[in-house]
>>> print(open('start21.txt').read())   # compact mmCIF, N, CA and C atoms
# COMPACT_ATOMS: atom_id res chain seq x y z
N MET D 1 -17.01 -4.64 -1.35
CA MET D 1 -16.23 -4.34 -2.53
C MET D 1 -15.96 -5.65 -3.27
N LEU D 2 -16.09 -5.62 -4.56
CA LEU D 2 -15.84 -6.77 -5.42
C LEU D 2 -14.36 -7.17 -5.33
N THR D 3 -14.08 -8.48 -5.35
CA THR D 3 -12.70 -8.94 -5.36
C THR D 3 -12.47 -9.86 -6.55
N LYS D 4 -11.24 -9.86 -7.03
CA LYS D 4 -10.81 -10.73 -8.13
C LYS D 4 -9.38 -11.16 -7.85
N SER D 5 -8.98 -12.26 -8.46
CA SER D 5 -7.60 -12.70 -8.30
C SER D 5 -6.70 -11.95 -9.27
N LEU D 6 -5.46 -11.81 -8.89
CA LEU D 6 -4.43 -11.20 -9.72
C LEU D 6 -3.43 -12.30 -10.05
N LYS D 7 -3.21 -12.51 -11.35
CA LYS D 7 -2.35 -13.62 -11.78
C LYS D 7 -1.14 -13.12 -12.54
N LYS D 8 -0.06 -13.89 -12.40
CA LYS D 8 1.15 -13.68 -13.19
C LYS D 8 1.49 -15.03 -13.80
N GLU D 9 1.52 -15.09 -15.12
CA GLU D 9 1.83 -16.35 -15.82
C GLU D 9 0.93 -17.49 -15.34
N ASN D 10 -0.36 -17.25 -15.27
CA ASN D 10 -1.37 -18.24 -14.86
C ASN D 10 -1.24 -18.70 -13.41
N GLU D 11 -0.39 -18.05 -12.64
CA GLU D 11 -0.25 -18.37 -11.22
C GLU D 11 -0.87 -17.23 -10.41
N ILE D 12 -1.70 -17.56 -9.47
CA ILE D 12 -2.33 -16.53 -8.63
C ILE D 12 -1.29 -15.95 -7.69
N VAL D 13 -1.09 -14.62 -7.76
CA VAL D 13 -0.15 -13.96 -6.85
C VAL D 13 -0.90 -13.22 -5.74
N VAL D 14 -2.12 -12.78 -6.03
CA VAL D 14 -3.00 -12.19 -5.02
C VAL D 14 -4.36 -12.85 -5.19
N ALA D 15 -4.77 -13.63 -4.21
CA ALA D 15 -6.01 -14.40 -4.33
C ALA D 15 -7.25 -13.51 -4.37
N GLU D 16 -7.27 -12.45 -3.57
CA GLU D 16 -8.45 -11.59 -3.48
C GLU D 16 -8.06 -10.12 -3.45
N ALA D 17 -7.80 -9.58 -4.62
CA ALA D 17 -7.53 -8.13 -4.72
C ALA D 17 -8.88 -7.42 -4.82
N ARG D 18 -9.04 -6.37 -4.05
CA ARG D 18 -10.28 -5.60 -4.11
C ARG D 18 -10.25 -4.71 -5.36
N ILE D 19 -11.41 -4.53 -5.98
CA ILE D 19 -11.53 -3.70 -7.18
C ILE D 19 -12.24 -2.41 -6.79
N ALA D 20 -11.56 -1.30 -6.96
CA ALA D 20 -12.12 0.01 -6.59
C ALA D 20 -12.85 0.62 -7.79
N HIS D 21 -14.17 0.45 -7.81
CA HIS D 21 -14.97 0.98 -8.92
C HIS D 21 -15.63 2.32 -8.57
N SER D 22 -16.20 2.43 -7.39
CA SER D 22 -16.97 3.64 -7.05
C SER D 22 -16.03 4.79 -6.68
N PHE D 23 -16.57 5.99 -6.74
CA PHE D 23 -15.80 7.17 -6.37
C PHE D 23 -15.27 7.02 -4.94
N PHE D 24 -16.11 6.58 -4.03
CA PHE D 24 -15.74 6.47 -2.63
C PHE D 24 -14.63 5.43 -2.44
N GLU D 25 -14.75 4.27 -3.09
CA GLU D 25 -13.72 3.23 -3.00
C GLU D 25 -12.39 3.74 -3.54
N ARG D 26 -12.45 4.47 -4.65
CA ARG D 26 -11.24 5.01 -5.27
C ARG D 26 -10.62 6.10 -4.40
N PHE D 27 -11.48 6.94 -3.83
CA PHE D 27 -11.00 8.04 -3.00
C PHE D 27 -10.29 7.51 -1.75
N LEU D 28 -10.87 6.53 -1.08
CA LEU D 28 -10.30 6.01 0.16
C LEU D 28 -9.08 5.13 -0.07
N GLY D 29 -9.15 4.23 -1.05
CA GLY D 29 -8.02 3.35 -1.29
C GLY D 29 -7.52 2.72 0.00
N LEU D 30 -6.23 2.87 0.28
CA LEU D 30 -5.63 2.35 1.51
C LEU D 30 -5.41 3.43 2.57
N MET D 31 -6.03 4.58 2.36
CA MET D 31 -5.86 5.72 3.25
C MET D 31 -6.18 5.35 4.70
N GLY D 32 -5.24 5.65 5.59
CA GLY D 32 -5.44 5.47 7.02
C GLY D 32 -5.27 4.05 7.53
N LYS D 33 -5.06 3.08 6.65
CA LYS D 33 -4.92 1.69 7.08
C LYS D 33 -3.52 1.41 7.60
N THR D 34 -3.45 0.48 8.53
CA THR D 34 -2.16 0.04 9.07
C THR D 34 -2.10 -1.48 9.02
N ASN D 35 -0.91 -2.02 9.22
CA ASN D 35 -0.69 -3.47 9.23
C ASN D 35 -1.26 -4.12 7.96
N LEU D 36 -0.88 -3.57 6.81
CA LEU D 36 -1.40 -4.04 5.53
C LEU D 36 -0.94 -5.47 5.23
N THR D 37 -1.85 -6.25 4.64
CA THR D 37 -1.55 -7.60 4.16
C THR D 37 -2.00 -7.69 2.71
N LEU D 38 -1.73 -8.81 2.06
CA LEU D 38 -2.14 -8.98 0.66
C LEU D 38 -3.66 -8.87 0.50
N LYS D 39 -4.42 -9.16 1.54
CA LYS D 39 -5.88 -9.03 1.47
C LYS D 39 -6.31 -7.57 1.34
N ASP D 40 -5.41 -6.63 1.59
CA ASP D 40 -5.70 -5.20 1.45
C ASP D 40 -5.37 -4.69 0.05
N SER D 41 -4.83 -5.53 -0.81
CA SER D 41 -4.45 -5.10 -2.17
C SER D 41 -5.66 -4.58 -2.93
N ILE D 42 -5.43 -3.52 -3.71
CA ILE D 42 -6.52 -2.89 -4.47
C ILE D 42 -6.09 -2.68 -5.91
N VAL D 43 -7.02 -2.96 -6.83
CA VAL D 43 -6.84 -2.65 -8.25
C VAL D 43 -7.73 -1.44 -8.56
N PHE D 44 -7.13 -0.44 -9.20
CA PHE D 44 -7.85 0.76 -9.62
C PHE D 44 -7.96 0.74 -11.15
N PRO D 45 -9.12 0.32 -11.67
CA PRO D 45 -9.29 0.33 -13.13
C PRO D 45 -9.26 1.77 -13.66
N ASN D 46 -8.75 1.92 -14.87
CA ASN D 46 -8.71 3.23 -15.53
C ASN D 46 -8.09 4.30 -14.65
N CYS D 47 -6.89 4.01 -14.17
CA CYS D 47 -6.18 4.92 -13.26
C CYS D 47 -4.70 4.89 -13.60
N ASN D 48 -4.12 6.04 -13.96
CA ASN D 48 -2.69 6.07 -14.29
C ASN D 48 -1.89 7.02 -13.41
N SER D 49 -2.50 7.47 -12.30
CA SER D 49 -1.78 8.29 -11.32
C SER D 49 -2.40 8.05 -9.95
N VAL D 50 -1.60 8.21 -8.90
CA VAL D 50 -2.11 8.01 -7.53
C VAL D 50 -1.42 8.98 -6.58
N HIS D 51 -1.96 9.05 -5.38
CA HIS D 51 -1.32 9.82 -4.31
C HIS D 51 -1.32 8.94 -3.06
N THR D 52 -0.45 9.29 -2.14
CA THR D 52 -0.42 8.58 -0.86
C THR D 52 -0.69 9.55 0.29
N LEU D 53 -1.50 10.55 0.01
CA LEU D 53 -1.89 11.50 1.05
C LEU D 53 -2.69 10.78 2.12
N PHE D 54 -2.45 11.11 3.36
CA PHE D 54 -3.14 10.53 4.52
C PHE D 54 -2.87 9.04 4.70
N MET D 55 -1.85 8.52 4.02
CA MET D 55 -1.48 7.12 4.21
C MET D 55 -0.65 7.03 5.49
N ARG D 56 -0.68 5.85 6.09
CA ARG D 56 0.09 5.63 7.32
C ARG D 56 1.29 4.73 7.09
N GLU D 57 1.31 4.03 5.96
CA GLU D 57 2.40 3.10 5.67
C GLU D 57 2.87 3.27 4.24
N ASN D 58 4.09 2.83 3.99
CA ASN D 58 4.59 2.76 2.62
C ASN D 58 3.79 1.70 1.87
N ILE D 59 3.66 1.86 0.56
CA ILE D 59 2.99 0.87 -0.27
C ILE D 59 3.76 0.68 -1.57
N ASP D 60 3.51 -0.44 -2.23
CA ASP D 60 4.01 -0.67 -3.58
C ASP D 60 2.90 -0.26 -4.55
N VAL D 61 3.27 0.42 -5.61
CA VAL D 61 2.32 0.83 -6.64
C VAL D 61 2.79 0.27 -7.98
N ILE D 62 1.91 -0.47 -8.63
CA ILE D 62 2.22 -1.08 -9.92
C ILE D 62 1.28 -0.50 -10.96
N PHE D 63 1.85 0.02 -12.03
CA PHE D 63 1.04 0.53 -13.15
C PHE D 63 1.12 -0.48 -14.28
N VAL D 64 -0.04 -0.81 -14.86
CA VAL D 64 -0.10 -1.76 -15.96
C VAL D 64 -0.83 -1.13 -17.15
N SER D 65 -0.51 -1.65 -18.34
CA SER D 65 -1.17 -1.20 -19.57
C SER D 65 -2.56 -1.82 -19.64
N ALA D 66 -3.32 -1.44 -20.65
CA ALA D 66 -4.66 -1.99 -20.86
C ALA D 66 -4.60 -3.51 -21.04
N GLN D 67 -3.47 -4.02 -21.53
CA GLN D 67 -3.30 -5.45 -21.75
C GLN D 67 -2.71 -6.17 -20.54
N GLY D 68 -2.36 -5.43 -19.49
CA GLY D 68 -1.82 -6.02 -18.27
C GLY D 68 -0.31 -6.06 -18.20
N LEU D 69 0.38 -5.41 -19.13
CA LEU D 69 1.83 -5.36 -19.10
C LEU D 69 2.28 -4.37 -18.03
N VAL D 70 3.17 -4.82 -17.14
CA VAL D 70 3.67 -3.94 -16.08
C VAL D 70 4.58 -2.90 -16.70
N VAL D 71 4.17 -1.62 -16.61
CA VAL D 71 4.96 -0.55 -17.22
C VAL D 71 5.81 0.22 -16.21
N LYS D 72 5.42 0.21 -14.93
CA LYS D 72 6.20 0.92 -13.91
C LYS D 72 5.83 0.39 -12.53
N ILE D 73 6.85 0.24 -11.68
CA ILE D 73 6.66 -0.17 -10.29
C ILE D 73 7.33 0.84 -9.38
N PHE D 74 6.61 1.28 -8.38
CA PHE D 74 7.18 2.13 -7.34
C PHE D 74 7.18 1.29 -6.06
N ASP D 75 8.39 0.89 -5.63
CA ASP D 75 8.53 0.08 -4.42
C ASP D 75 8.54 0.96 -3.19
N SER D 76 7.77 0.56 -2.19
CA SER D 76 7.82 1.20 -0.89
C SER D 76 7.64 2.72 -0.97
N LEU D 77 6.61 3.13 -1.70
CA LEU D 77 6.30 4.57 -1.84
C LEU D 77 5.84 5.11 -0.49
N LYS D 78 6.47 6.19 -0.06
CA LYS D 78 6.18 6.77 1.25
C LYS D 78 4.88 7.56 1.24
N PRO D 79 4.27 7.74 2.42
CA PRO D 79 3.07 8.59 2.53
C PRO D 79 3.37 10.02 2.08
N TRP D 80 2.32 10.69 1.66
CA TRP D 80 2.35 12.10 1.26
C TRP D 80 3.11 12.35 -0.05
N LYS D 81 3.08 11.37 -0.94
CA LYS D 81 3.68 11.51 -2.27
C LYS D 81 2.60 11.54 -3.34
N MET D 82 2.91 12.14 -4.48
CA MET D 82 1.99 12.16 -5.62
C MET D 82 2.72 11.58 -6.82
N LEU D 83 2.06 10.67 -7.52
CA LEU D 83 2.60 10.11 -8.76
C LEU D 83 1.77 10.65 -9.91
N LEU D 84 2.43 11.38 -10.79
CA LEU D 84 1.76 11.94 -11.96
C LEU D 84 1.39 10.82 -12.93
N PRO D 85 0.54 11.11 -13.92
CA PRO D 85 0.17 10.06 -14.89
C PRO D 85 1.40 9.38 -15.49
N GLN D 86 1.35 8.06 -15.53
CA GLN D 86 2.45 7.25 -16.02
C GLN D 86 2.23 6.88 -17.48
N LYS D 87 3.25 7.06 -18.27
CA LYS D 87 3.19 6.78 -19.70
C LYS D 87 2.82 5.32 -19.94
N HIS D 88 1.88 5.07 -20.81
CA HIS D 88 1.40 3.74 -21.22
C HIS D 88 0.60 3.02 -20.15
N ALA D 89 0.37 3.65 -18.99
CA ALA D 89 -0.39 3.00 -17.92
C ALA D 89 -1.89 3.23 -18.11
N ALA D 90 -2.66 2.17 -17.86
CA ALA D 90 -4.11 2.26 -17.94
C ALA D 90 -4.76 1.94 -16.60
N HIS D 91 -4.08 1.14 -15.77
CA HIS D 91 -4.63 0.71 -14.49
C HIS D 91 -3.52 0.74 -13.44
N CYS D 92 -3.94 0.70 -12.18
CA CYS D 92 -2.99 0.77 -11.07
C CYS D 92 -3.33 -0.30 -10.04
N ILE D 93 -2.30 -0.82 -9.41
CA ILE D 93 -2.46 -1.81 -8.33
C ILE D 93 -1.68 -1.29 -7.12
N GLU D 94 -2.32 -1.32 -5.96
CA GLU D 94 -1.64 -0.96 -4.72
C GLU D 94 -1.50 -2.21 -3.86
N LEU D 95 -0.27 -2.47 -3.42
CA LEU D 95 0.05 -3.62 -2.58
C LEU D 95 0.76 -3.15 -1.32
N PRO D 96 0.78 -3.96 -0.28
CA PRO D 96 1.61 -3.62 0.88
C PRO D 96 3.07 -3.47 0.46
N SER D 97 3.81 -2.68 1.19
CA SER D 97 5.21 -2.42 0.89
C SER D 97 6.02 -3.71 0.76
N LYS D 98 6.86 -3.74 -0.27
CA LYS D 98 7.81 -4.83 -0.57
C LYS D 98 7.17 -6.10 -1.11
N GLU D 99 5.84 -6.10 -1.30
CA GLU D 99 5.17 -7.30 -1.81
C GLU D 99 5.45 -7.54 -3.29
N SER D 100 5.62 -6.49 -4.08
CA SER D 100 5.87 -6.70 -5.51
C SER D 100 7.17 -7.48 -5.70
N LYS D 101 8.20 -7.15 -4.94
CA LYS D 101 9.47 -7.89 -5.03
C LYS D 101 9.30 -9.31 -4.52
N ARG D 102 8.62 -9.46 -3.40
CA ARG D 102 8.42 -10.79 -2.82
C ARG D 102 7.66 -11.70 -3.78
N LEU D 103 6.69 -11.12 -4.50
CA LEU D 103 5.90 -11.88 -5.46
C LEU D 103 6.60 -12.07 -6.80
N GLY D 104 7.75 -11.42 -6.96
CA GLY D 104 8.52 -11.56 -8.20
C GLY D 104 7.93 -10.79 -9.37
N ILE D 105 7.21 -9.72 -9.09
CA ILE D 105 6.62 -8.89 -10.15
C ILE D 105 7.64 -7.85 -10.58
N ARG D 106 7.90 -7.81 -11.90
CA ARG D 106 8.90 -6.89 -12.45
C ARG D 106 8.31 -6.14 -13.64
N GLU D 107 8.91 -5.01 -13.96
CA GLU D 107 8.50 -4.28 -15.16
C GLU D 107 8.68 -5.19 -16.36
N GLY D 108 7.69 -5.19 -17.24
CA GLY D 108 7.71 -6.06 -18.41
C GLY D 108 6.90 -7.33 -18.23
N ASP D 109 6.60 -7.70 -16.98
CA ASP D 109 5.77 -8.88 -16.72
C ASP D 109 4.35 -8.63 -17.22
N SER D 110 3.64 -9.70 -17.44
CA SER D 110 2.23 -9.63 -17.83
C SER D 110 1.37 -10.12 -16.68
N LEU D 111 0.42 -9.28 -16.26
CA LEU D 111 -0.50 -9.63 -15.19
C LEU D 111 -1.92 -9.73 -15.74
N VAL D 112 -2.75 -10.52 -15.05
CA VAL D 112 -4.14 -10.67 -15.44
C VAL D 112 -5.04 -10.44 -14.24
N CYS D 113 -6.02 -9.58 -14.42
CA CYS D 113 -7.10 -9.39 -13.47
C CYS D 113 -8.37 -9.50 -14.31
N GLU D 114 -8.97 -10.69 -14.30
CA GLU D 114 -10.06 -11.00 -15.23
C GLU D 114 -11.15 -9.93 -15.24
N GLY D 115 -11.49 -9.50 -16.45
CA GLY D 115 -12.52 -8.49 -16.62
C GLY D 115 -12.00 -7.07 -16.53
N ILE D 116 -10.74 -6.91 -16.09
CA ILE D 116 -10.15 -5.58 -15.95
C ILE D 116 -9.00 -5.41 -16.95
N PHE D 117 -8.01 -6.29 -16.86
CA PHE D 117 -6.87 -6.23 -17.80
C PHE D 117 -6.25 -7.62 -17.96
N GLY D 118 -5.45 -7.75 -19.02
CA GLY D 118 -4.73 -8.97 -19.30
C GLY D 118 -5.50 -9.99 -20.09
>>> encode(input="start21.txt", output="structure tokens")
Amino acid sequence: MLTKSLKKENEIVVAEARIAHSFFERFLGLMGKTNLTLKDSIVFPNCNSVHTLFMRENIDVIFVSAQGLVVKIFDSLKPWKMLLPQKHAAHCIELPSKESKRLGIREGDSLVCEGIFG
């Protein structure tokens, strides 16, 4: 799977986020994984809704606009939840639980994932 860095204000916050382009990559996401680390972070281009069906751990879900503006953050989303399409969201990022707070990512921030958004 292709990886790219995720930046906030020109500072790398995730060195190697995986980019889910294929149907299979998008379908699997973090499903069934345990002991998640930042290396498990995934960017879903052109995605404004997600589910946590068959997940084993809570995750953080960040929705960003086409320009990379953070429009909504769901901290520590539990398994077996569904998030309907989010207003103004064009892309989605999945991180291990509590990482968005630890990294200082807040709604209104601008993120960059080169070639995808920002």
>>> atom_distance(input="start21.txt", atom1="atom CA of D:Phe44", atom2="atom CA of D:Val112")
13.4 Å
>>> residues_around(input="start21.txt", residues="stretch 96-108 of chain D", least_positions_apart="4", cutoff="6 Å", atoms="only N, CA and C atoms", output="NGL selection string")
:D and (36-38 or 41 or 58-60 or 69-73 or 75-76)
>>> write_last_selection(input="start21.txt", atoms="N, CA and C atoms", output="PDB file, in the frame of the given file")
ATOM      1  N   LEU D  36      -0.880  -3.570   6.810  1.00  0.00           N
ATOM      2  CA  LEU D  36      -1.400  -4.040   5.530  1.00  0.00           C
ATOM      3  C   LEU D  36      -0.940  -5.470   5.230  1.00  0.00           C
ATOM      4  N   THR D  37      -1.850  -6.250   4.640  1.00  0.00           N
ATOM      5  CA  THR D  37      -1.550  -7.600   4.160  1.00  0.00           C
ATOM      6  C   THR D  37      -2.000  -7.690   2.710  1.00  0.00           C
ATOM      7  N   LEU D  38      -1.730  -8.810   2.060  1.00  0.00           N
ATOM      8  CA  LEU D  38      -2.140  -8.980   0.660  1.00  0.00           C
ATOM      9  C   LEU D  38      -3.660  -8.870   0.500  1.00  0.00           C
ATOM     10  N   SER D  41      -4.830  -5.530  -0.810  1.00  0.00           N
ATOM     11  CA  SER D  41      -4.450  -5.100  -2.170  1.00  0.00           C
ATOM     12  C   SER D  41      -5.660  -4.580  -2.930  1.00  0.00           C
ATOM     13  N   ASN D  58       4.090   2.830   3.990  1.00  0.00           N
ATOM     14  CA  ASN D  58       4.590   2.760   2.620  1.00  0.00           C
ATOM     15  C   ASN D  58       3.790   1.700   1.870  1.00  0.00           C
ATOM     16  N   ILE D  59       3.660   1.860   0.560  1.00  0.00           N
ATOM     17  CA  ILE D  59       2.990   0.870  -0.270  1.00  0.00           C
ATOM     18  C   ILE D  59       3.760   0.680  -1.570  1.00  0.00           C
ATOM     19  N   ASP D  60       3.510  -0.440  -2.230  1.00  0.00           N
ATOM     20  CA  ASP D  60       4.010  -0.670  -3.580  1.00  0.00           C
ATOM     21  C   ASP D  60       2.900  -0.260  -4.550  1.00  0.00           C
ATOM     22  N   LEU D  69       0.380  -5.410 -19.130  1.00  0.00           N
ATOM     23  CA  LEU D  69       1.830  -5.360 -19.100  1.00  0.00           C
ATOM     24  C   LEU D  69       2.280  -4.370 -18.030  1.00  0.00           C
ATOM     25  N   VAL D  70       3.170  -4.820 -17.140  1.00  0.00           N
ATOM     26  CA  VAL D  70       3.670  -3.940 -16.080  1.00  0.00           C
ATOM     27  C   VAL D  70       4.580  -2.900 -16.700  1.00  0.00           C
ATOM     28  N   VAL D  71       4.170  -1.620 -16.610  1.00  0.00           N
ATOM     29  CA  VAL D  71       4.960  -0.550 -17.220  1.00  0.00           C
ATOM     30  C   VAL D  71       5.810   0.220 -16.210  1.00  0.00           C
ATOM     31  N   LYS D  72       5.420   0.210 -14.930  1.00  0.00           N
ATOM     32  CA  LYS D  72       6.200   0.920 -13.910  1.00  0.00           C
ATOM     33  C   LYS D  72       5.830   0.390 -12.530  1.00  0.00           C
ATOM     34  N   ILE D  73       6.850   0.240 -11.680  1.00  0.00           N
ATOM     35  CA  ILE D  73       6.660  -0.170 -10.290  1.00  0.00           C
ATOM     36  C   ILE D  73       7.330   0.840  -9.380  1.00  0.00           C
ATOM     37  N   ASP D  75       8.390   0.890  -5.630  1.00  0.00           N
ATOM     38  CA  ASP D  75       8.530   0.080  -4.420  1.00  0.00           C
ATOM     39  C   ASP D  75       8.540   0.960  -3.190  1.00  0.00           C
ATOM     40  N   SER D  76       7.770   0.560  -2.190  1.00  0.00           N
ATOM     41  CA  SER D  76       7.820   1.200  -0.890  1.00  0.00           C
ATOM     42  C   SER D  76       7.640   2.720  -0.970  1.00  0.00           C
TER      43      SER D  76
END
>>> atom_distance(input="start21.txt", atom1="atom N of D:Met1", atom2="atom N of D:Lys81")
25.7 Å
>>> closest_residue(input="start21.txt", among="D:Arg18, D:Lys8, D:Lys39, D:His51", to="D:Trp80", atoms="only N, CA and C atoms")
D:His51
>>> atom_distance(input="start21.txt", atom1="atom C of D:Leu84", atom2="atom C of D:Arg56")
20.9 Å
>>> residues_around(input="start21.txt", residues="stretch 91-93 of chain D", least_positions_apart="4", cutoff="6 Å", atoms="only N, CA and C atoms", output="list in words")
Ile42, Val43, Phe44, Pro45, Asn46, Cys47, Asn48, Asp60, Val61, Ile62, Phe63, Val64, Ser65 and Ala66 of chain D
>>> residues_around(input="start21.txt", residues="D:Leu111", least_positions_apart="4", cutoff="6.5 Å", atoms="all atoms listed in the file", output="JSON, numbers by chain")
{"D": [6, 7, 8, 9, 67, 68, 69, 70, 117, 118]}
>>> select_by_dssp(input="start21.txt", residues="stretch 2-94 of chain D", states="strand (DSSP E)", output="JSON, numbers by chain")
{"D": [3, 4, 5, 6, 7, 8, 11, 12, 13, 14, 15, 16, 17, 18, 19, 42, 43, 44, 50, 51, 59, 60, 61, 62, 63, 64, 70, 71, 72, 73, 74, 75, 76, 77, 82, 83, 91, 92, 93, 94]}
>>> select_by_dssp(input="start21.txt", residues="stretch 51-108 of chain D", states="alpha helix (DSSP H)", output="list in words")
Glu99, Ser100, Lys101 and Arg102 of chain D
>>> closest_residue(input="start21.txt", among="D:Ala89, D:Ile19, D:Met82, D:Val50", to="D:Lys4", atoms="only N, CA and C atoms")
D:Ile19
